[in-house]
Every structure is written in C-alpha cells, then in structure tokens.
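**Q** First the structure, then my questions, so here it is.
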Amino acid sequence: IESKCKNDIKTIEINKINETNKIIEKKKKFPVIKIPQSLLPNRYLRGELPCTIEHGTNGHYLSWICPLENLDYEYYLPIFFDGLQCKTHPCKLLSRQGIDDMLYAAKGHPERILPCIKNIIRPLRNALMLYDIDITLAVLKIIQQLILGNNGICEVLLPYSKQFLSPLISFMDNNRNTGDKMDYRQRKGDDIGEEIRKTLELLEELGGPNALSLIKFSVPLYESCLKNPNSQLKSNSSK
C-alpha cells in the first residue's frame, strides 16, 4: 500500500511539473518580425545547388558533384546558411546537411571559412528572429561546429554577434523542470536552454579578450564561465 501511495504521489508531482512547463511555454509571446524568404528553395528547383539528395538505408544524405575541397565556399556556404529558416523537406535537409558536410570538410582549413563569415551573419539573424525552437537548436549546433572546426574563426565571428545573439534571450530560461527525474534531452542536445549556455560559453572561451563584453552587449543576463572575468572587463575598460 505504501509503495502504491508513493507511486501515486510521484505521478501527481510529475503531472504538475508538466502542466507548469506547458503554461510557461504558452505564456511566452514572441515578436512577429517580417523576414525575407529564403532563396534556397528556388535555387534547388532551378538545379543551381552543387548537390543532390540520395536515399540510403540509414536515411537521406547529400551527394556532391565535386570534392568539397574544390567547392567555392565563399559563394555556396552563405546559400546553405540562407536555408536555415526553412521548416519543410527537402530544403531543411539540404541546408543543415549541406552546412554540416562543408564545415566538416573545412576542418584544418580556416582559409575556406574566414571569407564567408561576413556573408553568413544575415542568414543567422533571419533564422533566429523566427523564434522557432527547432530552428534555433539547429543554428546553435551549427555555430558550435563552426567555431570548434578551426582556430581563429570565433574571434572573427564574435564582433558580428550584436546582429544575431539577442533573440537567444527569449529561450535562456527554457530549461525544463523535471523534478528528480533525469533529463535525457541534454544528452541528445534537445534542451534549448542548455544549448544556449554551451554556445555562449564556447564563444567566451574562444572569442578572445573582448569576448565577455561583446556577449553581454547582446545577452546581459549571461554569466561568465571563466575564473577571472572581472580582470578581462577591467583590461577592456582601461583600453
């Protein structure tokens, strides 16, 4: 009888937690901003992309018309970033898988990515300004892959952060309250609050001496992950 009562109490607590999470999600209202539509669907229909979708036993993948090291990154990478705002197949797959393949092939070759940085800022901003959780998660993972792939990329990307980081404020507190249960979404990378924290910490660690001040300009609620963040801010103010 005692075990049944304990189980009933746990189920009641879990239901209450789920209800509060749903109420919090419903209460949030995001601004509706007019964003120019992505040109990736039209480019795909006209056959302008250097890849096609193949259907394999383990799912869909992209087949490229040439080795990726011979591809013009400065032209094609912003095109795939422009498709990050797409929500439907096949453009959703084309954009995310295309960026993943190109960034993976560019590991150890920062000269392929550096000329593209200024051209991918607007697509990043357009995707994040949709305030869509699935799209935001995809953008966060791409930013992580982008700055971890090569040294020096983060220092070039971070000065542009004022243009695309601010929408993340709306999702910073989206860590689900699971009570005493294990949250497996953190392991799967589906916890948006955790992914935002992870991305901002990587930007601070790899973004150079001015990283903290640049992040706090767009995300004032961010707390530094470094041991002596005050020394960094003092050095910046003295300059």
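Each chain in the structure tokens gets a letter, A, B, ..., in the order shown, and its residues are numbered from 1; ligands are numbered from 1 in order too.
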Fewer than 3 positions away in the same chain doesn't count, so skip those; otherwise give me all residues within 9 Å of Gly98 in chain A, counting only C-alpha atoms, as a ChimeraX atom specification.
**A** /A:51,62,77,80-81,93-95,101-103
**Q** I'd like the contact shell of Ile113 in chain A - 10 Å cut-off, only C-alpha atoms, skipping same-chain residues fewer than 3 positions apart - returned as a PyMOL selection string.
**A** chain A and resi 73-74+77+102-103+106-107+109-110+116-117+146+149-150+153
**Q** Which residues, written as a PyMOL selection string, have at least one atom at most 12 Å from Ile121 in chain A, with only C-alpha atoms counted and residues fewer than 6 positions away on the same chain left out?
**A** chain A and resi 77-79+81-82+84+127-128+139+143+156-165
**Q** Go ahead and save the picked residues with N, CA, C and O atoms, as a tab-separated table (two decimals), in the first residue's frame.
**A**
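Saved file result.tsv follows:
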```tsv
chain	number	residue	atom	x	y	z
A	77	LEU	N	28.53	28.52	-49.32
A	77	LEU	CA	28.22	28.39	-47.90
A	77	LEU	C	27.14	29.37	-47.45
A	77	LEU	O	26.21	28.97	-46.74
A	78	PRO	N	27.18	30.65	-47.84
A	78	PRO	CA	26.06	31.55	-47.46
A	78	PRO	C	24.71	31.11	-48.04
A	78	PRO	O	23.67	31.37	-47.42
A	79	ILE	N	24.71	30.45	-49.18
A	79	ILE	CA	23.46	29.96	-49.76
A	79	ILE	C	22.82	28.91	-48.86
A	79	ILE	O	21.61	28.93	-48.61
A	81	PHE	N	23.46	28.55	-45.61
A	81	PHE	CA	23.06	29.24	-44.38
A	81	PHE	C	21.73	29.97	-44.56
A	81	PHE	O	20.94	30.06	-43.62
A	82	ASP	N	21.48	30.48	-45.74
A	82	ASP	CA	20.23	31.18	-46.01
A	82	ASP	C	19.03	30.24	-45.87
A	82	ASP	O	17.92	30.68	-45.59
A	84	LEU	N	18.59	28.04	-43.50
A	84	LEU	CA	18.37	27.61	-42.12
A	84	LEU	C	16.96	27.96	-41.63
A	84	LEU	O	16.46	27.32	-40.70
A	127	ALA	N	17.26	33.49	-39.30
A	127	ALA	CA	16.79	32.21	-38.74
A	127	ALA	C	16.43	32.36	-37.27
A	127	ALA	O	15.39	31.85	-36.82
A	128	LEU	N	17.25	33.06	-36.49
A	128	LEU	CA	16.99	33.20	-35.06
A	128	LEU	C	15.80	34.12	-34.79
A	128	LEU	O	15.11	33.96	-33.78
A	139	VAL	N	20.56	26.15	-35.40
A	139	VAL	CA	21.52	27.25	-35.54
A	139	VAL	C	22.59	27.19	-34.45
A	139	VAL	O	23.79	27.39	-34.72
A	143	ILE	N	26.60	26.88	-35.05
A	143	ILE	CA	27.56	27.84	-34.52
A	143	ILE	C	28.66	27.12	-33.74
A	143	ILE	O	29.85	27.44	-33.86
A	156	VAL	N	36.77	36.09	-35.25
A	156	VAL	CA	36.25	36.86	-36.38
A	156	VAL	C	34.73	36.94	-36.32
A	156	VAL	O	34.14	37.96	-36.69
A	157	LEU	N	34.08	35.88	-35.84
A	157	LEU	CA	32.62	35.84	-35.80
A	157	LEU	C	32.04	36.71	-34.69
A	157	LEU	O	31.00	37.36	-34.87
A	158	LEU	N	32.70	36.75	-33.54
A	158	LEU	CA	32.11	37.38	-32.35
A	158	LEU	C	31.82	38.87	-32.50
A	158	LEU	O	30.81	39.36	-31.97
A	159	PRO	N	32.65	39.67	-33.18
A	159	PRO	CA	32.29	41.09	-33.35
A	159	PRO	C	30.95	41.31	-34.07
A	159	PRO	O	30.34	42.36	-33.91
A	160	TYR	N	30.50	40.32	-34.84
A	160	TYR	CA	29.20	40.42	-35.51
A	160	TYR	C	28.06	39.93	-34.62
A	160	TYR	O	26.90	39.96	-35.04
A	161	SER	N	28.38	39.49	-33.40
A	161	SER	CA	27.35	38.86	-32.56
A	161	SER	C	26.23	39.83	-32.17
A	161	SER	O	25.13	39.39	-31.83
A	162	LYS	N	26.50	41.13	-32.21
A	162	LYS	CA	25.46	42.11	-31.88
A	162	LYS	C	24.26	42.01	-32.83
A	162	LYS	O	23.17	42.43	-32.49
A	163	GLN	N	24.50	41.43	-34.01
A	163	GLN	CA	23.45	41.37	-35.01
A	163	GLN	C	22.57	40.13	-34.90
A	163	GLN	O	21.49	40.10	-35.49
A	164	PHE	N	23.03	39.09	-34.17
A	164	PHE	CA	22.23	37.86	-34.18
A	164	PHE	C	22.06	37.18	-32.82
A	164	PHE	O	21.27	36.24	-32.70
A	165	LEU	N	22.75	37.63	-31.77
A	165	LEU	CA	22.66	36.93	-30.49
A	165	LEU	C	21.44	37.30	-29.66
A	165	LEU	O	20.97	36.50	-28.84
```
**Q** Figure out the distance between CA of Arg96 in chain A and CA of Lys34 in chain A, please, to one decimal in Å.
**A**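 Going from CA of Lys34 in chain A over to CA of Arg96 in chain A, I get 22.5 Å.
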**Q** Within 9 Å of Glu205 in chain A, counting only C-alpha atoms, which residues qualify if same-chain residues fewer than 6 places away don't, as a short mmCIF file (atom, residue, chain, number, x, y, z; two decimals) with N, CA and C atoms, in the first residue's frame?
**A**
```
data_model
loop_
_atom_site.label_atom_id
_atom_site.label_comp_id
_atom_site.auth_asym_id
_atom_site.auth_seq_id
_atom_site.Cartn_x
_atom_site.Cartn_y
_atom_site.Cartn_z
N ALA A 211 35.68 39.05 -25.58
CA ALA A 211 34.53 38.18 -25.79
C ALA A 211 33.40 38.45 -24.80
N LEU A 212 33.73 38.58 -23.52
CA LEU A 212 32.69 38.74 -22.50
C LEU A 212 31.89 40.03 -22.69
N CYS A 225 31.85 32.10 -17.63
CA CYS A 225 32.26 30.75 -17.23
C CYS A 225 33.75 30.70 -16.88
N LEU A 226 34.46 31.82 -17.04
CA LEU A 226 35.89 31.85 -16.75
C LEU A 226 36.14 32.18 -15.29
#
```
**Q** Got a sec: who's within 8 Å of Val219 in chain A, counting only C-alpha atoms, leaving out chain neighbours fewer than 4 positions off, as a list in words?
**A**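 Here the answer would be Leu165, Ser166, Leu168, Ile169 and Ile215 of chain A.
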**Q** Mind checking DSSP for range 105-186 of chain A and telling me the helix (DSSP H, G or I) residues as a ChimeraX atom specification?
**A** /A:105,110-128,133-149,153-163,166-171,185-186
